[in-house]
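Student: Structure supplied as protein-v4.cif; contents: mmCIF, C-alpha atoms and all ligand atoms.
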```cif
data_target
#
loop_
_atom_site.label_atom_id
_atom_site.label_comp_id
_atom_site.auth_asym_id
_atom_site.auth_seq_id
_atom_site.Cartn_x
_atom_site.Cartn_y
_atom_site.Cartn_z
CA MET A 244 146.65 115.95 -33.11
CA ASP A 245 144.64 113.28 -31.31
CA ASP A 246 144.65 114.07 -27.55
CA GLN A 247 142.90 110.84 -26.68
CA LEU A 248 145.69 108.92 -28.36
CA LEU A 249 148.38 110.92 -26.55
CA THR A 250 146.86 110.27 -23.14
CA SER A 251 146.24 106.55 -23.78
CA SER A 252 148.69 104.09 -22.29
CA ILE A 253 150.97 102.21 -24.66
CA ASN A 254 149.35 99.05 -23.36
CA ASP A 255 145.85 100.19 -24.39
CA ILE A 256 147.09 101.36 -27.79
CA LEU A 257 148.72 98.00 -28.47
CA ASN A 258 145.62 96.12 -27.35
CA SER A 259 143.42 98.05 -29.79
CA HIS A 260 145.98 98.25 -32.60
CA PRO A 261 148.38 95.29 -32.29
CA PHE A 262 149.96 96.02 -35.70
CA ILE A 263 151.73 99.04 -34.10
CA MET A 264 154.02 96.52 -32.45
CA ASP A 265 155.77 96.14 -35.81
CA PHE A 266 156.38 99.87 -36.01
CA PHE A 267 157.93 99.89 -32.53
CA ALA A 268 160.11 96.94 -33.53
CA SER A 269 161.17 98.75 -36.72
CA ILE A 270 162.55 101.68 -34.72
CA GLY A 271 164.48 99.30 -32.50
CA LEU A 272 162.15 99.10 -29.48
CA LYS A 273 161.90 95.62 -28.04
CA GLU A 274 160.93 96.28 -24.41
CA LEU A 275 157.90 98.56 -24.37
CA PRO A 276 157.06 100.77 -21.39
CA ARG A 277 153.45 99.60 -21.50
CA SER A 278 152.30 101.52 -18.43
CA LEU A 279 153.39 104.93 -19.80
CA THR A 280 151.03 107.14 -21.77
CA LEU A 281 152.10 107.76 -25.36
CA GLN A 282 152.69 111.41 -24.43
CA ASP A 283 155.02 110.54 -21.53
CA TRP A 284 156.85 107.94 -23.56
CA LEU A 285 157.48 110.42 -26.40
CA ALA A 286 158.66 113.09 -23.94
CA GLY A 287 161.13 110.65 -22.38
CA LEU A 288 162.82 109.61 -25.65
CA THR A 289 166.51 110.43 -25.66
CA ASP A 290 168.21 112.44 -28.41
CA GLU A 291 170.31 109.41 -29.21
CA PHE A 292 167.22 107.26 -29.73
CA LEU A 293 165.61 109.91 -31.96
CA ARG A 294 168.79 110.21 -34.00
CA ASP A 295 168.95 106.43 -34.48
CA SER A 296 165.28 106.18 -35.45
CA GLY A 297 165.70 109.00 -37.98
CA MET A 298 162.51 110.72 -36.74
CA ASP A 299 161.60 113.46 -34.31
CA ARG A 300 158.76 113.10 -31.77
CA LYS A 301 156.16 114.64 -34.07
CA GLN A 302 157.08 112.32 -36.91
CA ILE A 303 156.82 109.27 -34.64
CA LEU A 304 153.38 110.40 -33.50
CA ASN A 305 152.25 111.09 -37.10
CA HIS A 306 153.45 107.67 -38.10
CA ILE A 307 151.48 105.98 -35.34
CA GLU A 308 148.35 107.95 -36.24
CA GLU A 309 148.70 107.02 -39.91
CA ILE A 310 149.09 103.33 -39.14
CA ILE A 311 145.94 103.43 -37.02
CA GLN A 312 143.99 105.24 -39.76
CA ILE A 313 145.09 102.98 -42.60
CA ASN A 314 144.15 99.88 -40.67
CA ALA A 315 140.86 101.23 -39.40
CA ILE A 316 139.38 101.94 -42.85
CA PRO A 317 139.42 98.41 -44.28
CA GLU A 318 138.08 96.99 -41.01
CA LYS A 319 134.90 99.05 -41.37
CA GLN A 320 134.54 98.51 -45.08
CA HIS A 321 135.20 94.80 -44.99
CA ARG A 322 132.39 93.81 -42.66
CA VAL A 323 130.14 91.53 -44.66
CA SER A 324 127.20 89.84 -42.99
CA SER A 325 125.61 88.46 -46.15
CA LEU A 326 126.15 87.92 -49.86
CA THR A 327 123.11 87.57 -52.12
CA VAL A 328 123.02 86.37 -55.73
CA ILE A 329 119.84 87.39 -57.56
CA GLY A 330 119.12 85.30 -60.65
CA GLY A 331 119.39 86.74 -64.17
CA LYS A 332 118.97 84.54 -67.23
CA ASP A 333 120.40 81.30 -68.59
CA LYS A 334 122.39 80.88 -71.79
CA SER A 335 119.17 80.64 -73.83
CA GLY A 336 117.83 83.87 -72.33
CA ASN A 337 115.24 82.18 -70.06
CA PRO A 338 114.84 83.62 -66.56
CA GLU A 339 117.02 82.13 -63.82
CA ASN A 340 114.38 81.64 -61.17
CA ALA A 341 116.73 81.36 -58.20
CA SER A 342 118.46 83.50 -55.66
CA ILE A 343 120.67 82.59 -52.74
CA THR A 344 121.96 84.40 -49.65
CA LEU A 345 125.17 83.26 -47.95
CA LYS A 346 126.44 84.08 -44.45
CA PRO A 347 130.00 84.13 -43.03
CA GLY A 348 131.24 80.69 -41.97
CA GLU A 349 129.33 79.04 -44.81
CA VAL A 350 130.92 76.94 -47.54
CA VAL A 351 128.94 76.54 -50.73
CA CYS A 352 130.08 74.40 -53.63
CA ILE A 353 129.16 74.98 -57.23
CA VAL A 354 128.64 71.88 -59.35
CA GLY A 355 127.63 71.31 -62.96
CA PRO A 356 128.90 69.89 -66.25
CA THR A 357 131.87 71.37 -68.07
CA GLY A 358 130.94 74.67 -69.67
CA SER A 359 127.70 75.00 -67.68
CA GLY A 360 128.69 78.33 -66.10
CA LYS A 361 130.34 77.61 -62.71
CA SER A 362 133.27 79.96 -63.27
CA ARG A 363 130.85 82.57 -64.64
CA LEU A 364 128.95 82.55 -61.34
CA LEU A 365 132.23 83.10 -59.45
CA ALA A 366 133.15 85.88 -61.88
CA ASP A 367 129.75 87.55 -61.31
CA ILE A 368 130.40 87.53 -57.56
CA GLU A 369 133.96 88.76 -57.99
CA CYS A 370 132.95 91.78 -60.05
CA MET A 371 129.75 92.21 -58.00
CA ALA A 372 127.67 92.09 -61.15
CA GLN A 373 124.83 94.59 -61.40
CA LYS A 374 122.86 93.11 -64.32
CA ASP A 375 125.81 94.15 -66.48
CA THR A 376 127.36 90.73 -67.26
CA PRO A 377 126.18 88.07 -69.79
CA THR A 378 124.05 86.39 -67.08
CA GLY A 379 122.21 89.55 -66.02
CA ARG A 380 122.71 88.56 -62.35
CA GLN A 381 122.80 91.04 -59.50
CA ILE A 382 124.97 90.73 -56.38
CA LEU A 383 124.02 92.34 -53.08
CA ILE A 384 126.31 92.80 -50.08
CA ASN A 385 124.53 93.00 -46.73
CA GLY A 386 121.27 93.17 -48.68
CA CYS A 387 122.28 96.31 -50.60
CA VAL A 388 123.82 97.21 -53.94
CA PRO A 389 127.54 97.67 -53.18
CA GLU A 390 129.00 101.14 -53.64
CA ALA A 391 130.94 101.65 -56.87
CA GLN A 392 134.04 102.24 -54.71
CA LYS A 393 133.76 98.67 -53.37
CA ARG A 394 133.24 97.23 -56.83
CA PHE A 395 136.20 98.84 -58.50
CA SER A 396 138.73 99.66 -55.78
CA MET A 397 141.80 97.44 -55.88
CA ASN A 398 142.87 97.98 -52.29
CA GLN A 399 139.43 97.58 -50.72
CA LYS A 400 138.56 94.29 -52.34
CA ILE A 401 136.06 92.33 -50.32
CA VAL A 402 136.35 89.32 -52.61
CA ALA A 403 139.50 87.21 -52.95
CA GLN A 404 139.64 84.82 -55.89
CA LEU A 405 141.98 81.86 -56.16
CA SER A 406 141.92 81.12 -59.87
CA GLN A 407 142.98 77.91 -61.59
CA ASN A 408 146.14 79.36 -63.10
CA MET A 409 148.54 81.35 -61.03
CA ASN A 410 151.81 82.40 -62.60
CA PHE A 411 154.35 84.39 -60.66
CA VAL A 412 156.37 86.96 -62.50
CA VAL A 413 158.67 87.96 -59.64
CA ASP A 414 161.64 85.92 -58.54
CA LEU A 415 161.33 85.90 -54.74
CA THR A 416 161.67 83.11 -52.24
CA VAL A 417 158.48 81.82 -50.63
CA LYS A 418 159.44 83.58 -47.40
CA GLU A 419 160.17 86.92 -49.11
CA PHE A 420 156.92 86.77 -51.05
CA ILE A 421 154.70 86.03 -48.04
CA THR A 422 156.62 88.55 -45.90
CA MET A 423 155.98 91.20 -48.53
CA HIS A 424 152.27 90.46 -48.37
CA ALA A 425 152.32 90.52 -44.56
CA GLU A 426 154.05 93.89 -44.65
CA CYS A 427 151.40 95.29 -46.99
CA ARG A 428 148.74 94.12 -44.55
CA MET A 429 150.65 95.73 -41.65
CA ILE A 430 149.75 92.88 -39.31
CA SER A 431 151.14 92.30 -35.86
CA ARG A 432 153.24 89.14 -35.29
CA LYS A 433 154.47 89.33 -38.89
CA ASP A 434 157.23 86.72 -38.59
CA GLU A 435 155.03 84.19 -36.79
CA THR A 436 152.25 84.64 -39.35
CA VAL A 437 154.68 84.14 -42.26
CA ASN A 438 155.99 80.96 -40.65
CA ASP A 439 152.42 79.78 -39.92
CA ILE A 440 151.44 80.27 -43.58
CA ILE A 441 154.42 78.30 -44.89
CA TYR A 442 153.83 75.57 -42.29
CA MET A 443 150.13 75.41 -43.16
CA ALA A 444 150.81 75.31 -46.91
CA ASN A 445 153.11 72.34 -46.31
CA GLU A 446 150.34 70.64 -44.36
CA LEU A 447 148.05 71.07 -47.36
CA THR A 448 150.38 69.78 -50.04
CA GLY A 449 151.78 66.29 -50.48
CA GLU A 450 155.05 67.68 -51.84
CA LYS A 451 156.74 69.69 -49.07
CA PHE A 452 158.75 72.82 -49.88
CA SER A 453 161.07 75.06 -47.91
CA ALA A 454 160.74 78.77 -47.15
CA ASP A 455 163.89 79.47 -49.19
CA VAL A 456 162.74 78.01 -52.49
CA SER A 457 161.84 80.47 -55.27
CA ILE A 458 158.09 80.84 -55.80
CA THR A 459 158.61 80.38 -59.55
CA GLN A 460 159.83 76.84 -58.84
CA LEU A 461 156.72 75.73 -56.94
CA SER A 462 154.50 73.11 -58.57
CA GLY A 463 150.81 73.80 -59.24
CA GLY A 464 149.74 72.00 -56.05
CA GLN A 465 152.37 73.77 -53.93
CA THR A 466 151.38 77.18 -55.33
CA ARG A 467 147.70 76.46 -54.67
CA SER A 468 148.46 75.39 -51.10
CA LEU A 469 150.52 78.50 -50.45
CA MET A 470 147.79 80.75 -51.83
CA ILE A 471 145.10 79.00 -49.78
CA ALA A 472 147.12 79.33 -46.56
CA ASP A 473 147.92 82.95 -47.42
CA THR A 474 144.24 83.72 -48.08
CA ALA A 475 143.14 82.04 -44.84
CA LEU A 476 145.71 83.70 -42.57
CA LEU A 477 146.43 87.02 -44.25
CA SER A 478 143.63 88.07 -46.56
CA ALA A 479 141.20 90.62 -45.19
CA SER A 480 138.64 89.70 -47.84
CA PRO A 481 135.57 88.18 -46.18
CA ILE A 482 134.46 86.42 -49.36
CA VAL A 483 136.73 83.77 -50.90
CA LEU A 484 136.13 82.23 -54.30
CA ILE A 485 138.00 79.11 -55.35
CA ASP A 486 137.89 77.84 -58.90
CA GLU A 487 138.52 74.12 -58.32
CA ILE A 488 141.04 72.80 -55.79
CA GLU A 489 142.80 70.16 -57.87
CA ASN A 490 142.68 66.60 -56.67
CA ALA A 491 146.42 66.19 -57.09
CA GLY A 492 148.72 67.74 -54.56
CA VAL A 493 146.34 69.57 -52.20
CA ASN A 494 144.54 68.21 -49.15
CA ARG A 495 141.11 69.56 -50.04
CA LYS A 496 139.48 68.81 -46.70
CA LYS A 497 142.15 70.61 -44.69
CA ALA A 498 142.08 73.52 -47.14
CA LEU A 499 138.37 74.04 -46.63
CA GLU A 500 138.64 73.66 -42.85
CA LEU A 501 141.36 76.28 -42.80
CA LEU A 502 139.30 78.77 -44.76
CA VAL A 503 136.10 78.14 -42.81
CA ASP A 504 137.86 78.68 -39.48
CA LYS A 505 138.30 82.29 -40.46
CA GLU A 506 134.56 82.93 -40.65
CA LYS A 507 134.60 83.75 -44.31
CA ILE A 508 131.99 83.07 -46.98
CA VAL A 509 133.63 80.46 -49.20
CA LEU A 510 132.43 79.42 -52.67
CA VAL A 511 134.18 76.56 -54.44
CA SER A 512 133.49 75.52 -57.99
CA THR A 513 134.27 71.85 -58.40
CA HIS A 514 133.96 68.62 -60.39
CA ASP A 515 135.15 66.64 -57.36
CA PRO A 516 132.42 64.64 -55.55
CA LEU A 517 134.28 64.84 -52.22
CA LEU A 518 134.50 68.62 -52.32
CA ALA A 519 130.93 68.93 -53.54
CA LEU A 520 129.69 67.16 -50.40
CA MET A 521 132.01 69.05 -48.04
CA GLY A 522 129.98 72.25 -48.42
CA ASP A 523 126.92 73.09 -46.36
CA ARG A 524 125.00 73.53 -49.60
CA ARG A 525 125.71 73.10 -53.27
CA ILE A 526 124.53 75.18 -56.16
CA VAL A 527 123.76 73.17 -59.29
CA ILE A 528 124.42 75.02 -62.54
CA ARG A 529 122.84 74.01 -65.80
CA ASN A 530 122.94 75.90 -69.12
CA GLY A 531 124.35 79.03 -67.44
CA ALA A 532 121.77 79.25 -64.63
CA ILE A 533 121.26 78.01 -61.08
CA SER A 534 118.95 75.02 -61.52
CA ASN A 535 118.92 73.84 -57.90
CA ILE A 536 120.30 74.57 -54.43
CA ILE A 537 120.79 71.43 -52.39
CA GLU A 538 121.52 71.20 -48.67
CA THR A 539 124.02 68.46 -47.85
CA SER A 540 121.99 65.76 -46.08
CA LYS A 541 122.97 63.71 -43.01
CA GLN A 542 123.24 60.58 -45.16
CA GLU A 543 125.45 62.43 -47.65
CA ARG A 544 127.76 63.46 -44.82
CA MET A 545 127.96 59.84 -43.69
CA ASN A 546 128.61 58.72 -47.26
CA LEU A 547 131.30 61.39 -47.48
CA GLU A 548 133.26 59.60 -44.75
CA TYR A 549 133.22 56.40 -46.79
CA MET A 550 134.12 58.32 -49.96
CA GLU A 551 137.09 59.86 -48.11
CA PHE A 552 138.22 56.39 -47.13
CA LEU A 553 138.02 55.29 -50.80
CA ASP A 554 139.84 58.46 -51.85
CA CYS A 555 142.61 57.66 -49.41
CA LYS A 556 142.93 54.18 -50.88
CA MET A 557 143.08 55.64 -54.39
CA THR A 558 145.80 58.05 -53.26
CA GLU A 559 147.82 55.12 -51.89
CA LEU A 560 147.49 53.31 -55.23
CA ARG A 561 148.46 56.44 -57.15
CA ASP A 562 151.54 56.92 -54.98
CA MET A 563 152.49 53.28 -55.33
CA LEU A 564 152.33 53.47 -59.14
CA ARG A 565 154.23 56.78 -59.12
CA ARG A 566 157.02 55.13 -57.16
CA GLY A 567 157.23 52.44 -59.86
CA GLY A 568 155.40 49.76 -57.84
CA ARG A 569 152.89 47.13 -58.99
CA ILE A 570 149.30 46.49 -57.89
CA ASP A 571 149.23 42.73 -58.18
CA THR A 572 147.17 41.80 -55.13
CA GLU A 573 143.38 41.63 -55.31
CA LEU A 574 141.77 44.87 -54.11
CA ASN A 575 139.11 44.39 -51.47
CA TRP A 576 138.39 47.58 -49.55
CA CYS A 577 136.22 47.70 -46.45
CA SER A 578 136.26 50.74 -44.17
CA GLY A 579 137.14 50.00 -40.56
N1 LIG B 1 123.87 82.74 -68.17
C1 LIG B 1 124.81 82.85 -69.13
N2 LIG B 1 124.59 83.59 -70.22
C2 LIG B 1 125.50 83.71 -71.20
N3 LIG B 1 126.71 83.09 -71.17
C3 LIG B 1 127.00 82.34 -70.10
C4 LIG B 1 126.07 82.16 -69.03
N4 LIG B 1 126.65 81.37 -68.09
C5 LIG B 1 127.87 81.04 -68.57
N5 LIG B 1 128.08 81.61 -69.77
C6 LIG B 1 129.29 81.48 -70.61
O1 LIG B 1 129.47 80.09 -70.89
C7 LIG B 1 130.87 79.80 -71.02
C8 LIG B 1 131.26 78.61 -70.12
O2 LIG B 1 131.04 78.98 -68.76
P1 LIG B 1 132.06 78.66 -67.60
O3 LIG B 1 133.47 78.82 -68.06
O4 LIG B 1 131.63 79.45 -66.42
O5 LIG B 1 131.78 77.09 -67.38
P2 LIG B 1 132.33 76.11 -66.23
O6 LIG B 1 131.15 75.40 -65.69
O7 LIG B 1 133.15 76.84 -65.26
O8 LIG B 1 133.22 75.14 -67.09
P3 LIG B 1 134.43 74.17 -66.63
O9 LIG B 1 133.85 73.17 -65.67
O10 LIG B 1 134.87 73.55 -67.90
O11 LIG B 1 135.49 75.05 -65.99
C9 LIG B 1 131.58 81.09 -70.65
O12 LIG B 1 131.93 81.76 -71.83
C10 LIG B 1 130.55 81.88 -69.89
O13 LIG B 1 130.75 83.29 -69.95
#
```
Show me, as structure tokens, the structure contained in the file I just sent.
Tutor:
Amino acid sequence: MDDQLLTSSINDILNSHPFIMDFFASIGLKELPRSLTLQDWLAGLTDEFLRDSGMDRKQILNHIEEIIQINAIPEKQHRVSSLTVIGGKDKSGNPENASITLKPGEVVCIVGPTGSGKSRLLADIECMAQKDTPTGRQILINGCVPEAQKRFSMNQKIVAQLSQNMNFVVDLTVKEFITMHAECRMISRKDETVNDIIYMANELTGEKFSADVSITQLSGGQTRSLMIADTALLSASPIVLIDEIENAGVNRKKALELLVDKEKIVLVSTHDPLLALMGDRRIVIRNGAISNIIETSKQERMNLEYMEFLDCKMTELRDMLRRGGRIDTELNWCSG
């Protein structure tokens, strides 16, 4: 038994482990005696309360200790201060003379013609390749070869991948689905976080949806938005890989801003010129290898603003045509 835990005040315990709030709520405690030590609080529990909670004092204490342990492990294991890709070989077997190191808070886009190997680079990062994939690349985490446990463990994944196709096989409402994920993550403020994710997803997609709709009925853009918001607000993975955020139906700029806020390393493979310039750097892939790494210049950022203006105009035209309208007037676009 952990004496330090028993003699800590409930207030201190909640400050260090906010997710325990949910456990207290689940046994019917709304007003918490924050100034009491855990030991004194347990001693003062009435028989009626213990009967209602279905646990004795020892079981309550064990439960609290388990929650703290489960949540402490991923925290330690998930700390990533750098991700390094060491070049392997291109599709013709020639050496890939490039390597790149990424830090949290950085967004890097991957550009290149169809079939050049963008998704392959993401896949190498996802499986933390160790010269054992077709490219022969090696991935380092914090400058070191990741432990096998990190590479293959399902519940300690440090990389989250949002792939192009996402099909749900369970019939849950959006709210039930996100709540289930929040419960798995044992976060504090579960209900608020679930609401925030659904709100955020609706900010990202042009076609709004309610929390009560079934996830199987969501469109591609709605699903993508929900997964992006879920990854940003709930995922513990410090590395996020996105295989193309489609032009239709998702506000790409907001999506990236949301993910970057969380101090993650974000890699996005894309054919979209707007997204390509939104990153801090872009990796150019040719014939299966990194052929260049380009830092987004000041002029490119300025051009991006104009390109966003044009994109907005194109969206207006697309919406007008979708609604059955005509585009009869002469187009003459100048940014304000
Ligand atoms: N260095 C490499 N060596 C051998 N095969 C490679 C290499 N890089 C990529 N490939 C293979 O080339 C094929 C096309 O790559 P990939 O799907 O990654 O292209 P992409 O750029 O993502 O294409 P798209 O833009 O159409 O999605 C895949 O089968 C991939 O495994």
Student: Grab me every residue within 7 Å of ligand LIG 1 (chain B), counting only C-alpha atoms and all ligand atoms, and send it over as a ChimeraX atom specification.
Tutor: /A:332-334,355-364,377-378,514,530-532
Student: Since we have the selection now, will you write its residues out, keeping C-alpha atoms, as a compact mmCIF listing (two decimals), in the coordinates of the input?
Tutor:
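Final output, saved to again17.txt:
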```txt
# COMPACT_ATOMS: atom_id res chain seq x y z
CA LYS A 332 118.97 84.54 -67.23
CA ASP A 333 120.40 81.30 -68.59
CA LYS A 334 122.39 80.88 -71.79
CA GLY A 355 127.63 71.31 -62.96
CA PRO A 356 128.90 69.89 -66.25
CA THR A 357 131.87 71.37 -68.07
CA GLY A 358 130.94 74.67 -69.67
CA SER A 359 127.70 75.00 -67.68
CA GLY A 360 128.69 78.33 -66.10
CA LYS A 361 130.34 77.61 -62.71
CA SER A 362 133.27 79.96 -63.27
CA ARG A 363 130.85 82.57 -64.64
CA LEU A 364 128.95 82.55 -61.34
CA PRO A 377 126.18 88.07 -69.79
CA THR A 378 124.05 86.39 -67.08
CA HIS A 514 133.96 68.62 -60.39
CA ASN A 530 122.94 75.90 -69.12
CA GLY A 531 124.35 79.03 -67.44
CA ALA A 532 121.77 79.25 -64.63
```
Student: Please provide the set of residues having any atom within 8 Å of Thr474 in chain A, restricted to all atoms listed in the file, with same-chain residues fewer than 3 positions apart removed, written as a PyMOL selection string.
Tutor: chain A and resi 403+470-471+477-478+502
Student: Quick check, in Å to one decimal: how far apart do CA of Met371 in chain A and CA of Pro389 in chain A lie?
Tutor: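 Result for CA of Met371 in chain A versus CA of Pro389 in chain A: 7.6 Å, one decimal.
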Student: Can you tell me how far CA of Ile353 in chain A sits from CA of Met521 in chain A, in Å to one decimal?
Tutor: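 If I compute the distance from CA of Ile353 in chain A to CA of Met521 in chain A, I get 11.3 Å.
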Student: Range 264-309 of chain A near range 428-451 of chain A within 12 Å: what's each residue's closest atom pair and its distance in Å to one decimal, counting all atoms listed in the file, ordered by chain then ascending residue number, as JSON lines?
Tutor:
```
{"residue": "A:Met264", "atom": "CA", "partner": "A:Ser431", "partner_atom": "CA", "distance": 6.1}
{"residue": "A:Asp265", "atom": "CA", "partner": "A:Ser431", "partner_atom": "CA", "distance": 6.0}
{"residue": "A:Phe266", "atom": "CA", "partner": "A:Met429", "partner_atom": "CA", "distance": 9.0}
{"residue": "A:Phe267", "atom": "CA", "partner": "A:Ser431", "partner_atom": "CA", "distance": 10.7}
{"residue": "A:Ala268", "atom": "CA", "partner": "A:Ser431", "partner_atom": "CA", "distance": 10.4}
{"residue": "A:Ser269", "atom": "CA", "partner": "A:Lys433", "partner_atom": "CA", "distance": 11.8}
{"residue": "A:Glu309", "atom": "CA", "partner": "A:Met429", "partner_atom": "CA", "distance": 11.6}
```
Student: At a cut-off of 8 Å, using only C-alpha atoms, what residues contact Gly522 in chain A? Leave out same-chain residues fewer than 2 positions from it and give the result as a list in words.
Tutor: Glu349, Val350, Val351, Cys352, Leu518, Ala519, Leu520, Arg524, Arg525 and Thr539 of chain A
Student: Find the distance between CA of Arg380 in chain A and CA of Asn337 in chain A and write it in Å to one decimal.
Tutor: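 Here the two named atoms are 12.5 Å from each other.
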Student: Do you know which residues are at most 8 Å from Val328 in chain A counting only C-alpha atoms, after dropping those on the same chain fewer than 6 positions away, and could you put them as JSON, numbers by chain?
Tutor: {"A": [342, 343, 344, 368, 380, 381, 382, 383]}
Student: Nearest to Pro261 in chain A: which of A:Arg544, A:Ile311, A:Arg467, A:Met550 is it, counting all atoms listed in the file?
Tutor: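 Going through A:Arg544, A:Ile311, A:Arg467, A:Met550 one by one, the smallest distance to Pro261 in chain A is for A:Ile311.
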